[in-house]
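Text of the file my_file-v1.pdb, holding PDB, C-alpha atoms and all ligand atoms:
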```
ATOM      1  CA  MET D 133     134.418  91.611 121.625
ATOM      2  CA  ALA D 134     135.812  94.445 123.816
ATOM      3  CA  SER D 135     139.580  94.349 124.335
ATOM      4  CA  SER D 136     138.956  94.849 128.082
ATOM      5  CA  ASP D 137     137.129  91.465 127.988
ATOM      6  CA  ARG D 138     140.200  89.803 126.518
ATOM      7  CA  LEU D 139     142.429  91.363 129.162
ATOM      8  CA  SER D 140     140.187  90.524 132.110
ATOM      9  CA  PHE D 141     139.800  86.983 130.762
ATOM     10  CA  LEU D 142     143.564  86.546 130.472
ATOM     11  CA  LEU D 143     144.099  87.886 134.009
ATOM     12  CA  ALA D 144     141.389  85.566 135.362
ATOM     13  CA  PHE D 145     143.073  82.648 133.573
ATOM     14  CA  LEU D 146     146.446  83.508 135.117
ATOM     15  CA  ARG D 147     144.846  83.627 138.583
ATOM     16  CA  ASP D 148     142.843  80.381 138.233
ATOM     17  CA  ARG D 149     143.726  78.292 135.176
ATOM     18  CA  LYS D 150     141.693  75.308 136.289
ATOM     19  CA  ALA D 151     138.363  77.146 136.522
ATOM     20  CA  VAL D 152     138.816  79.525 133.584
ATOM     21  CA  GLY D 153     140.478  77.006 131.289
ATOM     22  CA  SER D 154     141.122  79.232 128.271
ATOM     23  CA  ILE D 155     143.061  82.421 127.600
ATOM     24  CA  THR D 156     140.365  84.085 125.539
ATOM     25  CA  PRO D 157     136.532  84.236 125.507
ATOM     26  CA  SER D 158     134.551  82.243 122.911
ATOM     27  CA  SER D 159     134.028  84.006 119.588
ATOM     28  CA  ALA D 160     130.577  85.338 118.721
ATOM     29  CA  ALA D 161     130.275  82.780 115.903
ATOM     30  CA  LEU D 162     131.066  79.839 118.214
ATOM     31  CA  SER D 163     128.629  81.204 120.821
ATOM     32  CA  ARG D 164     125.833  81.395 118.217
ATOM     33  CA  ALA D 165     126.613  77.844 117.072
ATOM     34  CA  MET D 166     126.266  76.593 120.667
ATOM     35  CA  GLY D 167     122.863  78.264 120.944
ATOM     36  CA  ARG D 168     121.727  76.653 117.697
ATOM     37  CA  ARG D 169     122.879  73.199 118.851
ATOM     38  CA  ALA D 170     120.720  73.644 121.971
ATOM     39  CA  ASN D 171     117.696  74.799 119.920
ATOM     40  CA  ILE D 172     117.344  77.851 122.151
ATOM     41  CA  ARG D 173     114.568  79.336 120.012
ATOM     42  CA  HIS D 174     112.197  76.634 121.258
ATOM     43  CA  HIS D 175     112.920  76.680 124.994
ATOM     44  CA  ALA D 176     111.367  78.493 127.957
ATOM     45  CA  ASN D 177     113.905  77.914 130.763
ATOM     46  CA  VAL D 178     117.566  77.808 129.778
ATOM     47  CA  ALA D 179     120.663  77.487 131.993
ATOM     48  CA  GLU D 180     124.148  78.605 130.997
ATOM     49  CA  LEU D 181     127.137  77.185 132.898
ATOM     50  CA  GLY D 182     130.309  79.296 133.137
ATOM     51  CA  ALA D 183     129.223  82.612 131.594
ATOM     52  CA  GLY D 184     132.633  84.351 131.852
ATOM     53  CA  THR D 185     132.451  87.779 130.165
ATOM     54  CA  GLY D 186     129.207  86.843 128.408
ATOM     55  CA  PRO D 187     129.658  85.980 124.695
ATOM     56  CA  VAL D 188     127.474  82.862 125.000
ATOM     57  CA  THR D 189     125.035  84.759 127.235
ATOM     58  CA  ARG D 190     124.631  87.321 124.436
ATOM     59  CA  ALA D 191     124.069  84.632 121.783
ATOM     60  CA  ILE D 192     121.491  82.815 123.931
ATOM     61  CA  LEU D 193     119.581  86.031 124.673
ATOM     62  CA  ASP D 194     119.520  86.800 120.927
ATOM     63  CA  GLN D 195     117.974  83.377 120.243
ATOM     64  CA  LEU D 196     115.716  83.074 123.305
ATOM     65  CA  PRO D 197     111.951  83.655 122.804
ATOM     66  CA  PRO D 198     110.594  86.902 124.351
ATOM     67  CA  THR D 199     108.899  84.903 127.114
ATOM     68  CA  GLY D 200     111.944  82.684 127.786
ATOM     69  CA  ARG D 201     114.209  82.897 130.849
ATOM     70  CA  LEU D 202     117.972  82.436 131.093
ATOM     71  CA  TRP D 203     119.901  81.642 134.287
ATOM     72  CA  SER D 204     123.665  82.110 133.849
ATOM     73  CA  PHE D 205     125.930  80.475 136.447
ATOM     74  CA  GLU D 206     129.367  81.986 137.094
ATOM     75  CA  ILE D 207     131.710  81.482 140.078
ATOM     76  CA  ASN D 208     134.260  84.235 139.347
ATOM     77  CA  PRO D 209     133.155  87.403 141.232
ATOM     78  CA  ASP D 210     134.848  89.794 138.728
ATOM     79  CA  PHE D 211     132.969  88.174 135.846
ATOM     80  CA  VAL D 212     129.725  88.333 137.852
ATOM     81  CA  THR D 213     130.165  92.108 138.310
ATOM     82  CA  ARG D 214     130.949  92.536 134.614
ATOM     83  CA  LEU D 215     127.932  90.446 133.530
ATOM     84  CA  ARG D 216     125.596  92.383 135.820
ATOM     85  CA  SER D 217     126.689  95.734 134.452
ATOM     86  CA  ARG D 218     126.706  94.536 130.847
ATOM     87  CA  PHE D 219     123.302  92.888 130.479
ATOM     88  CA  VAL D 220     120.068  94.672 131.221
ATOM     89  CA  ASP D 221     117.498  92.127 130.125
ATOM     90  CA  PRO D 222     114.521  91.079 132.263
ATOM     91  CA  ARG D 223     114.830  87.519 130.919
ATOM     92  CA  LEU D 224     118.324  87.077 132.436
ATOM     93  CA  THR D 225     119.356  86.167 135.996
ATOM     94  CA  ILE D 226     123.053  85.941 136.839
ATOM     95  CA  VAL D 227     123.597  83.143 139.385
ATOM     96  CA  PRO D 228     126.839  83.704 141.333
ATOM     97  CA  ARG D 229     127.330  80.094 142.396
ATOM     98  CA  SER D 230     128.539  76.776 141.081
ATOM     99  CA  ALA D 231     126.737  74.947 138.292
ATOM    100  CA  GLU D 232     126.562  72.025 140.737
ATOM    101  CA  THR D 233     123.552  73.766 142.296
ATOM    102  CA  LEU D 234     121.463  73.690 139.104
ATOM    103  CA  ALA D 235     118.903  71.219 140.519
ATOM    104  CA  ASP D 236     118.535  73.382 143.662
ATOM    105  CA  LEU D 237     117.831  76.390 141.449
ATOM    106  CA  ALA D 238     115.177  74.453 139.494
ATOM    107  CA  ARG D 239     113.421  73.736 142.813
ATOM    108  CA  GLU D 240     113.804  77.362 143.958
ATOM    109  CA  VAL D 241     112.178  78.739 140.800
ATOM    110  CA  GLY D 242     109.499  76.022 140.812
ATOM    111  CA  ILE D 243     110.216  74.189 137.557
ATOM    112  CA  VAL D 244     110.567  70.443 136.940
ATOM    113  CA  GLY D 245     113.922  71.069 135.294
ATOM    114  CA  PHE D 246     115.673  73.293 132.753
ATOM    115  CA  ASP D 247     114.647  72.855 129.117
ATOM    116  CA  ALA D 248     118.217  73.303 127.851
ATOM    117  CA  VAL D 249     121.720  73.612 129.339
ATOM    118  CA  VAL D 250     124.639  75.258 127.532
ATOM    119  CA  SER D 251     128.078  74.893 129.119
ATOM    120  CA  ALA D 252     131.533  76.396 128.585
ATOM    121  CA  ILE D 253     132.993  74.954 131.817
ATOM    122  CA  PRO D 254     136.514  73.613 131.110
ATOM    123  CA  PHE D 255     135.763  70.040 132.211
ATOM    124  CA  ARG D 256     139.123  68.761 131.030
ATOM    125  CA  MET D 257     140.871  70.834 133.689
ATOM    126  CA  LEU D 258     138.702  69.181 136.391
ATOM    127  CA  GLY D 259     139.594  65.583 135.621
ATOM    128  CA  ARG D 260     137.285  62.714 134.807
ATOM    129  CA  ASP D 261     135.812  61.951 138.248
ATOM    130  CA  ALA D 262     135.027  65.569 139.110
ATOM    131  CA  SER D 263     133.602  66.168 135.600
ATOM    132  CA  THR D 264     131.358  63.088 135.845
ATOM    133  CA  ARG D 265     130.158  64.202 139.282
ATOM    134  CA  LEU D 266     129.449  67.759 138.139
ATOM    135  CA  ILE D 267     127.654  66.779 134.920
ATOM    136  CA  GLY D 268     125.697  64.153 136.888
ATOM    137  CA  ARG D 269     124.514  66.838 139.333
ATOM    138  CA  VAL D 270     123.609  69.097 136.402
ATOM    139  CA  SER D 271     121.556  66.326 134.759
ATOM    140  CA  GLU D 272     119.420  66.109 137.937
ATOM    141  CA  GLY D 273     118.231  69.659 137.230
ATOM    142  CA  MET D 274     117.256  69.026 133.586
ATOM    143  CA  ALA D 275     113.774  68.304 132.230
ATOM    144  CA  PRO D 276     113.230  65.064 130.253
ATOM    145  CA  GLY D 277     114.278  65.611 126.626
ATOM    146  CA  ALA D 278     116.422  68.657 127.485
ATOM    147  CA  PRO D 279     119.646  69.050 125.485
ATOM    148  CA  PHE D 280     123.010  69.398 127.236
ATOM    149  CA  VAL D 281     125.447  71.264 124.975
ATOM    150  CA  ALA D 282     129.088  71.736 126.003
ATOM    151  CA  VAL D 283     131.998  73.308 124.167
ATOM    152  CA  GLN D 284     135.464  71.814 124.677
ATOM    153  CA  TYR D 285     138.840  72.195 123.011
ATOM    154  CA  SER D 286     139.511  68.450 123.037
ATOM    155  CA  PRO D 287     137.458  66.387 120.553
ATOM    156  CA  PHE D 288     137.733  63.276 122.764
ATOM    157  CA  TYR D 289     137.720  64.125 126.450
ATOM    158  CA  LEU D 290     134.003  64.590 127.136
ATOM    159  CA  ARG D 291     132.663  61.698 125.067
ATOM    160  CA  PRO D 292     132.852  58.856 127.666
ATOM    161  CA  ILE D 293     131.690  61.173 130.448
ATOM    162  CA  VAL D 294     128.617  62.384 128.578
ATOM    163  CA  GLN D 295     127.902  58.768 127.548
ATOM    164  CA  ASP D 296     128.141  57.662 131.226
ATOM    165  CA  VAL D 297     125.803  60.365 132.477
ATOM    166  CA  PHE D 298     123.231  60.616 129.651
ATOM    167  CA  GLY D 299     123.614  57.296 127.801
ATOM    168  CA  ASN D 300     123.827  59.146 124.464
ATOM    169  CA  TRP D 301     126.032  61.728 122.812
ATOM    170  CA  ASP D 302     127.020  63.351 119.567
ATOM    171  CA  ARG D 303     129.513  65.986 118.602
ATOM    172  CA  SER D 304     130.196  68.547 115.924
ATOM    173  CA  TYR D 305     133.285  70.545 115.121
ATOM    174  CA  PHE D 306     133.559  74.285 114.935
ATOM    175  CA  LEU D 307     136.678  75.256 113.051
ATOM    176  CA  TRP D 308     136.138  79.045 112.879
ATOM    177  CA  ASN D 309     137.492  79.636 116.365
ATOM    178  CA  ILE D 310     140.998  79.840 117.773
ATOM    179  CA  PRO D 311     141.551  77.144 118.906
ATOM    180  CA  PRO D 312     139.054  75.023 116.887
ATOM    181  CA  ALA D 313     136.305  73.761 119.183
ATOM    182  CA  THR D 314     134.208  70.627 119.620
ATOM    183  CA  ILE D 315     130.562  70.999 120.599
ATOM    184  CA  PHE D 316     129.232  67.951 122.471
ATOM    185  CA  ARG D 317     125.502  67.380 122.705
ATOM    186  CA  ALA D 318     123.483  64.880 124.719
ATOM    187  CA  GLU D 319     119.859  64.579 125.735
ATOM    188  CA  LYS D 320     118.354  63.940 129.157
ATOM    189  CA  ARG D 321     116.164  60.831 128.818
TER     190      ARG D 321
HETATM  191  C1  LIG V 401     136.353  78.794 129.348
HETATM  192  S1  LIG V 401     135.516  79.989 130.366
HETATM  193  C2  LIG V 401     134.124  80.317 129.311
HETATM  194  C3  LIG V 401     133.543  81.694 129.490
HETATM  195  C4  LIG V 401     132.502  82.106 128.440
HETATM  196  N1  LIG V 401     131.296  81.303 128.504
HETATM  197  C5  LIG V 401     133.064  81.999 127.057
HETATM  198  O1  LIG V 401     132.657  81.091 126.321
HETATM  199  O2  LIG V 401     133.920  82.815 126.723
HETATM  200  C6  LIG V 401     134.864  79.009 131.673
HETATM  201  C7  LIG V 401     134.070  79.788 132.732
HETATM  202  O3  LIG V 401     133.463  78.841 133.611
HETATM  203  C8  LIG V 401     133.486  79.359 134.942
HETATM  204  N2  LIG V 401     133.324  78.198 135.834
HETATM  205  C9  LIG V 401     134.229  77.210 136.082
HETATM  206  N3  LIG V 401     133.701  76.288 136.908
HETATM  207  C10 LIG V 401     132.423  76.680 137.173
HETATM  208  C11 LIG V 401     131.343  76.132 137.944
HETATM  209  N4  LIG V 401     131.501  74.977 138.626
HETATM  210  N5  LIG V 401     130.171  76.791 137.983
HETATM  211  C12 LIG V 401     130.001  77.958 137.306
HETATM  212  N6  LIG V 401     130.985  78.540 136.550
HETATM  213  C13 LIG V 401     132.179  77.900 136.487
HETATM  214  C14 LIG V 401     134.835  80.080 135.006
HETATM  215  O4  LIG V 401     134.887  81.017 136.060
HETATM  216  C15 LIG V 401     134.905  80.715 133.613
HETATM  217  O5  LIG V 401     134.318  81.997 133.609
END
```
With the file now loaded, output its structure as structure tokens.
Amino acid sequence: MASSDRLSFLLAFLRDRKAVGSITPSSAALSRAMGRRANIRHHANVAELGAGTGPVTRAILDQLPPTGRLWSFEINPDFVTRLRSRFVDPRLTIVPRSAETLADLAREVGIVGFDAVVSAIPFRMLGRDASTRLIGRVSEGMAPGAPFVAVQYSPFYLRPIVQDVFGNWDRSYFLWNIPPATIFRAEKR
């Protein structure tokens, strides 16, 4: 990971703690683990929520089939500029708007829904009602059977929310990250 990524991430965090939610980007190992939990190798249309400086974007592109497509949502304009200059991959579209608009994007690109969603949005900073609303909107843009995979630094916070929205959940722990992370997974039914 470039040290300029760490610095720009820290500055973004100091400007908007609630949206950025962490002082450092996800490690490459955690990003790969998120991709594996979402089974990226088997999906055609994948959405990433909260791309930041792009570690998870990189891991998803490495795992995505050659004919797959990735749409990466990011609301921070500095990160959007960085992502656009960093990734030159015809499978990737950077979406400079909120993840709330995922279902609109599915309609715009003419698909029933995304086959997989991978999120690093710091839901805990949003609070329970706003998180439930946002994840509910996201679920409207997912295809039946699609996995929703979200990394969080609290092992508890997302469980009731994911259960409310999807009616199912599981979680795994990823200890090789500072801080240790929890990866939640649910399936759109
Ligand atoms: C904890 S950072 C994760 C960045 C990167 N994926 C990583 O793992 O290092 C969360 C990111 O989510 C973005 N974000 C927060 N709310 C968002 C929303 N509603 N839609 C899209 N991006 C959002 C923030 O701007 C920030 O870049």
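Nearest residue to ligand LIG 401 (chain V) among D:Pro292, D:Gly277, D:Pro311, D:Pro198 is D:Pro311, counting all atoms listed in the file.
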Coordinates-based distance that separates atom CA of Pro157 of chain D from atom C3 of ligand LIG 401 (chain V) (Å, one decimal)
5.6 Å
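Note that atom CA of Gly182 of chain D and atom N3 of ligand LIG 401 (chain V) are 5.9 Å apart.
Comparing D:Arg149, D:Glu319, D:Val244, D:Tyr289 by their smallest distance to Arg260 of chain D, the closest is D:Tyr289 (using all atoms listed in the file).
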List all protein, DNA and RNA residues that have at least one atom no more than 9 Å from any atom of ligand LIG 401 (chain V), counting only C-alpha atoms and all ligand atoms, and write them as a ChimeraX atom specification.
/D:141,144-145,148,150-160,162-163,180-189,204-209,211-212,227-233,251-255,258,266,283-284
Report, in Å with one decimal, the straight-line distance from atom CA of Val241 of chain D to atom CA of Arg173 of chain D.
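For atom CA of Val241 of chain D relative to atom CA of Arg173 of chain D, the distance reads 20.9 Å.
Shortest atom-to-atom contact with His175 of chain D among D:Leu142, D:Leu234, D:Ala282, D:Ala275: D:Ala275, counting all atoms listed in the file.
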Quick one: apply the PyMOL selection byres (((chain D and resi 174) around 9) and not hetatm) to the file and drop the selected residues here as a list in words.
Asn171, Ile172, Arg173, His175, Ala176, Gln195, Leu196, Pro197 and Gly200 of chain D
With only C-alpha atoms as the atoms that count, which of D:Val178, D:Ile226, D:Val294, D:Met166 lies nearest to Met274 of chain D?
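Going through D:Val178, D:Ile226, D:Val294, D:Met166 one by one, the smallest distance to Met274 of chain D is for D:Val178.
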Would you compute the box with edges along x, y and z of the file around segment 265-282 of chain D, including every atom the file lists for it and 5 Å extra on each side, and give its centre and edge lengths in Å to one decimal, as lines of an AutoDock Vina configuration file?
```
center_x = 121.7
center_y = 67.9
center_z = 132.2
size_x = 26.9
size_y = 17.6
size_z = 24.4
```
Could you list, as a list in words, every residue matched by the PyMOL selection byres (((chain D and resi 246) around 8) and not hetatm) in this structure?
Asn177, Val178, Ala179, Ala238, Ile243, Val244, Gly245, Asp247, Ala248, Val249, Gly273, Met274, Ala275 and Ala278 of chain D
Of the candidates D:Leu224, D:Val270, D:Ala313, D:Val250, which shows the shortest atom-to-atom distance to Val297 of chain D, using all atoms listed in the file?
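Closest to Val297 of chain D, using all atoms listed in the file: D:Val270.
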Could you tell me, as a list in words, which residues have any atom at most 9 Å from (116.0, 88.0, 132.2), counting only C-alpha atoms?
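Residues close enough to count: Leu193, Gly200, Arg201, Leu202, Trp203, Phe219, Val220, Asp221, Pro222, Arg223, Leu224, Thr225 and Ile226 of chain D.
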Any chance you could work out the residue set of the PyMOL selection byres (((chain D and resi 318) around 6) and not hetatm) here, as a PyMOL selection string?
chain D and resi 279-280+300-301+317+319
Using all atoms listed in the file: which of D:Glu240, D:Arg256, D:Ser271, D:Asp194 has the shortest distance to Phe288 of chain D
D:Arg256
Quick one: residues within 7 Å of Thr314 of chain D, all atoms listed in the file counted, chain neighbours fewer than 6 positions away excluded, as a ChimeraX atom specification?
/D:283-287,303-306
Could you rebuild segment 243-274 of chain D with N, CA and C atoms and give it back as a PDB file, in the frame of the given file?
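Now in rebuild-v4.pdb:
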```
ATOM      1  N   ILE D 243     110.374  74.894 138.838  1.00  0.00           N
ATOM      2  CA  ILE D 243     110.216  74.189 137.557  1.00  0.00           C
ATOM      3  C   ILE D 243     110.690  72.740 137.729  1.00  0.00           C
ATOM      4  N   VAL D 244     110.180  71.865 136.866  1.00  0.00           N
ATOM      5  CA  VAL D 244     110.567  70.443 136.940  1.00  0.00           C
ATOM      6  C   VAL D 244     112.056  70.307 136.630  1.00  0.00           C
ATOM      7  N   GLY D 245     112.519  71.099 135.687  1.00  0.00           N
ATOM      8  CA  GLY D 245     113.922  71.069 135.294  1.00  0.00           C
ATOM      9  C   GLY D 245     114.125  72.059 134.162  1.00  0.00           C
ATOM     10  N   PHE D 246     115.389  72.368 133.856  1.00  0.00           N
ATOM     11  CA  PHE D 246     115.673  73.293 132.753  1.00  0.00           C
ATOM     12  C   PHE D 246     115.445  72.612 131.409  1.00  0.00           C
ATOM     13  N   ASP D 247     114.961  73.394 130.445  1.00  0.00           N
ATOM     14  CA  ASP D 247     114.647  72.855 129.117  1.00  0.00           C
ATOM     15  C   ASP D 247     115.891  72.697 128.250  1.00  0.00           C
ATOM     16  N   ALA D 248     116.962  73.414 128.601  1.00  0.00           N
ATOM     17  CA  ALA D 248     118.217  73.303 127.851  1.00  0.00           C
ATOM     18  C   ALA D 248     119.344  73.812 128.734  1.00  0.00           C
ATOM     19  N   VAL D 249     120.530  73.180 128.599  1.00  0.00           N
ATOM     20  CA  VAL D 249     121.720  73.612 129.339  1.00  0.00           C
ATOM     21  C   VAL D 249     122.854  73.793 128.336  1.00  0.00           C
ATOM     22  N   VAL D 250     123.508  74.958 128.425  1.00  0.00           N
ATOM     23  CA  VAL D 250     124.639  75.258 127.532  1.00  0.00           C
ATOM     24  C   VAL D 250     125.842  75.544 128.420  1.00  0.00           C
ATOM     25  N   SER D 251     126.929  74.802 128.211  1.00  0.00           N
ATOM     26  CA  SER D 251     128.078  74.893 129.119  1.00  0.00           C
ATOM     27  C   SER D 251     129.365  75.256 128.404  1.00  0.00           C
ATOM     28  N   ALA D 252     130.165  76.138 129.064  1.00  0.00           N
ATOM     29  CA  ALA D 252     131.533  76.396 128.585  1.00  0.00           C
ATOM     30  C   ALA D 252     132.526  76.086 129.712  1.00  0.00           C
ATOM     31  N   ILE D 253     132.088  75.320 130.714  1.00  0.00           N
ATOM     32  CA  ILE D 253     132.993  74.954 131.817  1.00  0.00           C
ATOM     33  C   ILE D 253     134.134  74.090 131.263  1.00  0.00           C
ATOM     34  N   PRO D 254     135.371  74.388 131.650  1.00  0.00           N
ATOM     35  CA  PRO D 254     136.514  73.613 131.110  1.00  0.00           C
ATOM     36  C   PRO D 254     136.667  72.271 131.834  1.00  0.00           C
ATOM     37  N   PHE D 255     135.808  71.317 131.478  1.00  0.00           N
ATOM     38  CA  PHE D 255     135.763  70.040 132.211  1.00  0.00           C
ATOM     39  C   PHE D 255     137.109  69.321 132.196  1.00  0.00           C
ATOM     40  N   ARG D 256     137.859  69.493 131.121  1.00  0.00           N
ATOM     41  CA  ARG D 256     139.123  68.761 131.030  1.00  0.00           C
ATOM     42  C   ARG D 256     140.071  69.129 132.173  1.00  0.00           C
ATOM     43  N   MET D 257     139.983  70.388 132.608  1.00  0.00           N
ATOM     44  CA  MET D 257     140.871  70.834 133.689  1.00  0.00           C
ATOM     45  C   MET D 257     140.458  70.205 135.031  1.00  0.00           C
ATOM     46  N   LEU D 258     139.203  69.734 135.127  1.00  0.00           N
ATOM     47  CA  LEU D 258     138.702  69.181 136.391  1.00  0.00           C
ATOM     48  C   LEU D 258     139.115  67.734 136.602  1.00  0.00           C
ATOM     49  N   GLY D 259     139.333  67.017 135.513  1.00  0.00           N
ATOM     50  CA  GLY D 259     139.594  65.583 135.621  1.00  0.00           C
ATOM     51  C   GLY D 259     138.294  64.806 135.489  1.00  0.00           C
ATOM     52  N   ARG D 260     138.457  63.498 135.175  1.00  0.00           N
ATOM     53  CA  ARG D 260     137.285  62.714 134.807  1.00  0.00           C
ATOM     54  C   ARG D 260     136.284  62.522 135.949  1.00  0.00           C
ATOM     55  N   ASP D 261     136.762  62.216 137.161  1.00  0.00           N
ATOM     56  CA  ASP D 261     135.812  61.951 138.248  1.00  0.00           C
ATOM     57  C   ASP D 261     135.006  63.202 138.596  1.00  0.00           C
ATOM     58  N   ALA D 262     135.717  64.325 138.738  1.00  0.00           N
ATOM     59  CA  ALA D 262     135.027  65.569 139.110  1.00  0.00           C
ATOM     60  C   ALA D 262     134.083  66.003 137.981  1.00  0.00           C
ATOM     61  N   SER D 263     134.483  65.791 136.725  1.00  0.00           N
ATOM     62  CA  SER D 263     133.602  66.168 135.600  1.00  0.00           C
ATOM     63  C   SER D 263     132.344  65.312 135.600  1.00  0.00           C
ATOM     64  N   THR D 264     132.519  63.988 135.835  1.00  0.00           N
ATOM     65  CA  THR D 264     131.358  63.088 135.845  1.00  0.00           C
ATOM     66  C   THR D 264     130.404  63.467 136.972  1.00  0.00           C
ATOM     67  N   ARG D 265     130.995  63.794 138.142  1.00  0.00           N
ATOM     68  CA  ARG D 265     130.158  64.202 139.282  1.00  0.00           C
ATOM     69  C   ARG D 265     129.387  65.480 138.958  1.00  0.00           C
ATOM     70  N   LEU D 266     130.085  66.465 138.412  1.00  0.00           N
ATOM     71  CA  LEU D 266     129.449  67.759 138.139  1.00  0.00           C
ATOM     72  C   LEU D 266     128.357  67.622 137.069  1.00  0.00           C
ATOM     73  N   ILE D 267     128.656  66.923 135.984  1.00  0.00           N
ATOM     74  CA  ILE D 267     127.654  66.779 134.920  1.00  0.00           C
ATOM     75  C   ILE D 267     126.477  65.930 135.424  1.00  0.00           C
ATOM     76  N   GLY D 268     126.777  64.952 136.281  1.00  0.00           N
ATOM     77  CA  GLY D 268     125.697  64.153 136.888  1.00  0.00           C
ATOM     78  C   GLY D 268     124.767  65.030 137.723  1.00  0.00           C
ATOM     79  N   ARG D 269     125.344  65.924 138.520  1.00  0.00           N
ATOM     80  CA  ARG D 269     124.514  66.838 139.333  1.00  0.00           C
ATOM     81  C   ARG D 269     123.690  67.740 138.419  1.00  0.00           C
ATOM     82  N   VAL D 270     124.326  68.227 137.350  1.00  0.00           N
ATOM     83  CA  VAL D 270     123.609  69.097 136.402  1.00  0.00           C
ATOM     84  C   VAL D 270     122.426  68.351 135.795  1.00  0.00           C
ATOM     85  N   SER D 271     122.637  67.093 135.420  1.00  0.00           N
ATOM     86  CA  SER D 271     121.556  66.326 134.759  1.00  0.00           C
ATOM     87  C   SER D 271     120.330  66.192 135.674  1.00  0.00           C
ATOM     88  N   GLU D 272     120.557  66.208 136.995  1.00  0.00           N
ATOM     89  CA  GLU D 272     119.420  66.109 137.937  1.00  0.00           C
ATOM     90  C   GLU D 272     118.508  67.329 137.858  1.00  0.00           C
ATOM     91  N   GLY D 273     119.035  68.442 137.330  1.00  0.00           N
ATOM     92  CA  GLY D 273     118.231  69.659 137.230  1.00  0.00           C
ATOM     93  C   GLY D 273     117.677  69.895 135.829  1.00  0.00           C
ATOM     94  N   MET D 274     117.732  68.861 134.973  1.00  0.00           N
ATOM     95  CA  MET D 274     117.256  69.026 133.586  1.00  0.00           C
ATOM     96  C   MET D 274     115.921  68.317 133.379  1.00  0.00           C
TER      97      MET D 274
END
```
